[in-house]
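Chemist: The structure under discussion is supplied below as structure tokens; questions concerning it will follow.
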Amino acid sequence: MRIATFKSQSVNNERHIISNIFLKDLIQNYKSLEKNKSFKNNKDVKIIYISNFLKLNTLEFNELIENPIINSLDTYSTKTGKNILKKSTKKASYLFFIIELNSNCTIKDGKIINNLVNKIIKKSRKTGISIGFNIKENQKYFANIMTSSKDLNDDIANILISNLYKTKYAKYSYIYDKVCEKLDKNFIINNYCDFRDNKCVANRDTDNIERDNGCCHSFIRNKSIGPSNSTEELTLCKHLGDDKRCTIKSISCKFFVCQYLKRKGVYFDILDNFLLRSIFNRKQLDVIHINFFKTEDEIVKKLITTEYNLMPHKLFILFKMHLIDNYWKKIPEKK
Ligand code: SF4
Ligand code: SF4
């Protein structure tokens with residue numbers, strides 16, 4: 001796996017005015033990086049420039065820099081995408097992305113970037129074009145990302161890196177891990193659950209005082225008695241380790257927040273997650289939302305099989321097609 005290095009910086013409103021000149025310098029700098037090494041000439045490198053705010057005069061720009069490929073996300077269409085794809089992989093040895101986004105960047109922009117980068121990288125591989133420059137042994141520098149916030153920068157970087165993986169399983173696993181890492185970090189920094197003597201804050205502050213281990217419980221249906229809810233028993237999740245840590249990485253569990261915390265304003269909506277929304281469709285997001293107690297491998301495989309599911313969304317939910325096994329285990333809620 002190639003290691004990607006990114007140069008990131010923030011976009012501020014003043015910079016937009018000089019962006020044209022800045023961009024020219026930037027591109028020339030990248031080209032000179034490899035000038036004395038493997039570039040035959042400037043035309044050997046294709047720069048894919050993607051922005052949600054910059055509208056450059058293409059003709060004027062072409063006089064300044066050879067072979068730029070400029071895209072303005074607000075005027076993006078399938079036709080534009082095809083043209084960019086055609087131009088980006090023609091007569092070049094190296095490919096490099098420059099992505100500049102201001103705070104108006106939308107989920108739609110994220111989806112376009114994912115789609116475009118995915119297609120360009122796939123086509124480049126087929127035509128033997130190298131993605132990025134070698135700056136050190138086994139280290140490629142293939143994108144410069146400038147956005148309005150660190151979070152957006154990280155999300156765009158993760159979209160780009162995920163597209164370097166050759167299989168869908170590896171790409172989805174990468175995104176899955178990044179989202180889990182961020183959620184874990186958030187819970188640790190803010191200490192939302194505040195465990196003491198193995199009792200979380202909700203366990204301590206509600207009438208469920210007897211219960212420990214937070215919400216790591218599931219309802220198991222007693223099949224010998226019958227299917228009604230009254231036959232369900234609360235049981236400790238089988239994935240909770242002896243050290244009281246989760247032994248699997250269930251993204252659905254990580255997004256789960258109990259009613260107690262919700263009342264205190266702690267809430268994570270999958271639909272607000274820029275990275276997930278840029279990569280996955282609505283049905284895949286449902287898969288991520290609902291599959292508690294499932295392993296990463298199970299969820300990633302389900303995401304792959306769901307990608308091209310043609311069933312209408314309502315039927316998809318009604319027939320529980322979003323579940324890994326067609327058996328709904330409920331997370332107990334506190335009063
Ligand atoms: S989410 Fe709620 S119930 Fe679960 S561990 Fe945290 S505080 Fe406890
Ligand atoms: S799978 Fe979910 S419920 Fe089970 S131990 Fe892990 S986090 Fe807790």
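By convention in this document, the chains of the structure tokens carry letters A, B, ... by their order, each chain's residues are numbered from 1, and ligands are numbered from 1 in the order they are shown.
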What lies within 12 Å of Ile248 (chain A) using only C-alpha atoms, ignoring chain neighbours under 2 positions off, as a PyMOL selection string?
Modeler: chain A and resi 177+180+216+237-241+245-246+250-254+292-299
Chemist: Given only C-alpha atoms and all ligand atoms, how would the per-residue table for chain A near ligand 1 read, listing every residue at most 7 Å away with its closest atom pair and distance in Å to one decimal, sorted by chain and number, as a tab-separated table?
Modeler:
```
residue	atom	partner	partner_atom_place_in_ligand_line	distance
A:Tyr192	CA	ligand 1	6 (Fe)	6.5
A:Cys193	CA	ligand 1	6 (Fe)	4.0
A:Cys200	CA	ligand 1	8 (Fe)	4.6
A:Val201	CA	ligand 1	7 (S)	5.2
A:Ala202	CA	ligand 1	7 (S)	4.6
A:Asn203	CA	ligand 1	8 (Fe)	6.1
A:Gly214	CA	ligand 1	5 (S)	3.7
A:Cys215	CA	ligand 1	4 (Fe)	4.0
A:Phe256	CA	ligand 1	1 (S)	6.5
A:Val257	CA	ligand 1	1 (S)	4.4
A:Cys258	CA	ligand 1	2 (Fe)	4.3
A:Tyr260	CA	ligand 1	2 (Fe)	6.1
A:Leu261	CA	ligand 1	2 (Fe)	5.7
```
Chemist: Using only C-alpha atoms, determine which residues lie at most 8 Å from Lys178 (chain A), disregarding the query and same-chain residues fewer than 4 positions distant; provide the list as JSON, numbers by chain.
Modeler: {"A": [158, 174, 182]}
Chemist: In Å, rounded to a single decimal, give me how far CA of Leu116 (chain A) is from CA of Leu85 (chain A).
Modeler: 7.7 Å
Chemist: Which residue gives the smallest distance to ligand 2 among A:Thr247, A:Gln259, A:Gln284, A:Ser148, with only C-alpha atoms and all ligand atoms counted?
Modeler: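 Of the candidates, the smallest distance to ligand 2 is held by A:Thr247.
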